[in-house]
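K.L.:
Mind looking over this structure? Questions follow.
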Amino acid sequence: MSSVESSSLEIHLDPVRDNYAVMGNPIAHSKSPFIHTSFAEQTNQSISYQAIHVPEGQFASAVQQFRELGGKGLNITVPYKQDAYRLCNSLTIRAQAAMAVNTLWFGDDGQISGDNTDGVGLLRDLLNNCIQVQGSKILIIGAGGAVRGILGPLFEQQPESILIANRTVNKAVDLASSIQANNISACGIDTLENKGNFDVIINGTSSGLKGELPPLPSSIISKDSCCYDMVYGDTETVFNQWCKGHGASKALDGLGMLVEQAAESFYIWRGVKPTSQQVINILRNDLKLN
Ligand code: ATR
């Protein structure tokens, strides 16, 4: 193993295989090492993939160390996606739109490239589960970094309309105006009551991570509404319980999106497309056993 050490960060790489990692804080419960190791086995790729806990203030030096040691690529998760965006010398169009990066790779010339695969991950999971975006009335709840990553890719699928509803209305307005289109609008969660119901309702808030639910009116749901919570847990999320309790036909969590965004990162790095469903099934069974 080769390594570079600093006061509180020590990175070791596998000397034989191509090295990848996910960096974040916290990172201990990340599923990414399992997902990418499964993809590598499935596609006969010789890679090593680890989770690296990066203390506050050390993100840029952690990336630099990983790269100098010969690392090939990184996934970036909370809270460093915006830092990763700022570190890149070149960005894909979807990363530029999201202003956040979850996938990095390094050129021989020292260039750092970045992409955001969250949106494509969500779209693939919606497609896998027969949830149609094209021509649909979409409600997105939340206006933080997670929603910024999915807005552009959802819009490209030509929905009838997208309404962004956020507790802090100004953030929803800013996000809606980042795509200048007359079928994208914004409101506060407290005015959702007047907006009718929606075909697809996506919860992009972080409230579920604390077991909380935004104060949503049941009028947003019809029996044909498909609901999607971008987070997941070992039990059904409070948002999905609420949606089903109010008659939604479908309520999915973000586990499929997690695996699909990873599959896109893997493809960027290795040029091979892995199959996601088997990995989703294993993770789902593990969650049930917890
Ligand atoms: P992330 O990167 O996960 O999106 P973020 O950028 O901090 O994190 O955004 C969190 C989002 O969840 C915001 O839209 C936030 O609403 P505010 O902008 O009003 O803060 C939303 N959120 C978090 N907890 C919430 C709660 N209990 N009820 C409603 N919205 C909540």
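Order determines the names: the first chain of the structure tokens is A, the second B, and so forth; residues in each chain are numbered 1 upward, and ligands are numbered 1 upward as they are shown.
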Hey, which residues come within 8 Å of ligand 1 if we count only C-alpha atoms and all ligand atoms? Could you give them as a ChimeraX atom specification?

P.N.:
/A:78-79,141-148,166-169,171-172,189,204-208,210,212-215

K.L.:
Can you pull out every residue within 10 Å of A:Gly233, counting only C-alpha atoms, but drop anything in the same chain fewer than 2 positions away, and send it as a list in words?

P.N.:
Gly208, Leu209, Val231, Thr235, Glu236, Thr237, Val238, Asp253, Gly254, Leu255, Arg284, Leu287, Lys288 and Asn290 of chain A

K.L.:
Atom CA of A:Ile268 and atom CA of A:Pro33, how far apart in Å?

P.N.:
16.6 Å

K.L.:
Looking at A:Pro159, A:Gly196, A:Gly110, A:Gly71, which one is nearest to A:Gly135, with distances taken over only C-alpha atoms?

P.N.:
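Comparing A:Pro159, A:Gly196, A:Gly110, A:Gly71 against A:Gly135, the winner is A:Pro159.
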
K.L.:
Name the residues of stretch 108-142 of chain A that fall into helix (DSSP H, G or I) according to DSSP on the backbone, using the chain letters and numbers of this document, as a ChimeraX atom specification.

P.N.:
/A:118-128

K.L.:
Using only C-alpha atoms, which protein or nucleic acid residues come within 10 Å of A:Ala181? Drop anything in the same chain fewer than 4 positions from it, and give the result as an mmCIF file with all heavy atoms, in the first residue's frame.

P.N.:
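Okay, this is what ended up in around.cif:
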```
data_model
loop_
_atom_site.group_PDB
_atom_site.id
_atom_site.type_symbol
_atom_site.label_atom_id
_atom_site.label_comp_id
_atom_site.auth_asym_id
_atom_site.auth_seq_id
_atom_site.Cartn_x
_atom_site.Cartn_y
_atom_site.Cartn_z
ATOM 1 N N PHE A 155 -36.607 18.179 -16.280
ATOM 2 C CA PHE A 155 -37.148 19.136 -17.248
ATOM 3 C C PHE A 155 -36.922 18.658 -18.685
ATOM 4 O O PHE A 155 -37.801 18.796 -19.546
ATOM 5 C CB PHE A 155 -36.502 20.514 -17.020
ATOM 6 C CG PHE A 155 -36.903 21.538 -18.026
ATOM 7 C CD1 PHE A 155 -38.207 22.004 -18.080
ATOM 8 C CD2 PHE A 155 -35.981 22.030 -18.944
ATOM 9 C CE1 PHE A 155 -38.589 22.947 -19.031
ATOM 10 C CE2 PHE A 155 -36.358 22.959 -19.892
ATOM 11 C CZ PHE A 155 -37.661 23.417 -19.939
ATOM 12 N N SER A 161 -45.673 20.062 -16.551
ATOM 13 C CA SER A 161 -45.272 21.183 -15.686
ATOM 14 C C SER A 161 -44.459 20.660 -14.503
ATOM 15 O O SER A 161 -44.560 19.483 -14.143
ATOM 16 C CB SER A 161 -46.511 21.909 -15.166
ATOM 17 O OG SER A 161 -47.293 21.005 -14.402
ATOM 18 N N ILE A 162 -43.651 21.553 -13.942
ATOM 19 C CA ILE A 162 -42.940 21.243 -12.695
ATOM 20 C C ILE A 162 -43.220 22.380 -11.725
ATOM 21 O O ILE A 162 -43.002 23.554 -12.043
ATOM 22 C CB ILE A 162 -41.408 21.140 -12.903
ATOM 23 C CG1 ILE A 162 -41.049 19.995 -13.854
ATOM 24 C CG2 ILE A 162 -40.708 20.943 -11.552
ATOM 25 C CD1 ILE A 162 -39.539 19.845 -14.114
ATOM 26 N N ALA A 176 -36.412 27.699 -9.504
ATOM 27 C CA ALA A 176 -37.294 27.673 -10.685
ATOM 28 C C ALA A 176 -36.782 28.637 -11.749
ATOM 29 O O ALA A 176 -36.808 28.326 -12.941
ATOM 30 C CB ALA A 176 -38.722 28.033 -10.281
ATOM 31 N N SER A 177 -36.258 29.789 -11.317
ATOM 32 C CA SER A 177 -35.809 30.771 -12.315
ATOM 33 C C SER A 177 -34.450 30.391 -12.911
ATOM 34 O O SER A 177 -34.013 30.986 -13.892
ATOM 35 C CB SER A 177 -35.765 32.179 -11.719
ATOM 36 O OG SER A 177 -34.836 32.206 -10.671
ATOM 37 N N SER A 185 -42.633 26.466 -12.106
ATOM 38 C CA SER A 185 -43.029 27.521 -11.168
ATOM 39 C C SER A 185 -42.659 27.110 -9.743
ATOM 40 O O SER A 185 -42.189 25.988 -9.512
ATOM 41 C CB SER A 185 -44.531 27.798 -11.293
ATOM 42 O OG SER A 185 -45.243 26.599 -11.115
#
```

K.L.:
Near A:Gln45, within 10 Å and counting only C-alpha atoms, which residues show up once chain neighbours fewer than 2 positions away are dropped, as number ranges by chain?

P.N.:
A: 17-18, 37, 39-43, 47-48, 270, 272

K.L.:
Do a neighbour search on A:Phe266 at 10 Å with only C-alpha atoms, toss out local chain neighbours closer than 3 positions, and write the hits as a PyMOL selection string.

P.N.:
chain A and resi 20+35-36+39-40+73+75+103+260-263+269-274

K.L.:
Smallest atom-to-atom distance to A:Asn89: which of A:Leu104, A:Ala165, A:Ile201, A:Ala186, using only C-alpha atoms?

P.N.:
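Among A:Leu104, A:Ala165, A:Ile201, A:Ala186, it is A:Leu104 that comes nearest to A:Asn89.
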
K.L.:
For A:Phe239, which of A:Ile220, A:Ala62, A:Leu258, A:Ile202 is the closest residue, counting only C-alpha atoms?

P.N.:
A:Ile202

K.L.:
As a ChimeraX atom specification, please: all residues of stretch 53-147 of chain A that backbone DSSP puts in strand (DSSP E).

P.N.:
/A:53,73-76,90-91,103-106,112-115,137-141

K.L.:
Atom CA of A:Ser249 and atom CA of A:Ser222 are how many Å apart?

P.N.:
8.2 Å

K.L.:
In Å, with one decimal, what is the gap from atom CA of A:Gly188 to atom CA of A:Met230?

P.N.:
19.5 Å

K.L.:
Find, counting only C-alpha atoms, the residue in A:Ile184, A:Ile11, A:Leu122, A:Ala84 that gets nearest to A:Glu68.

P.N.:
A:Ile11
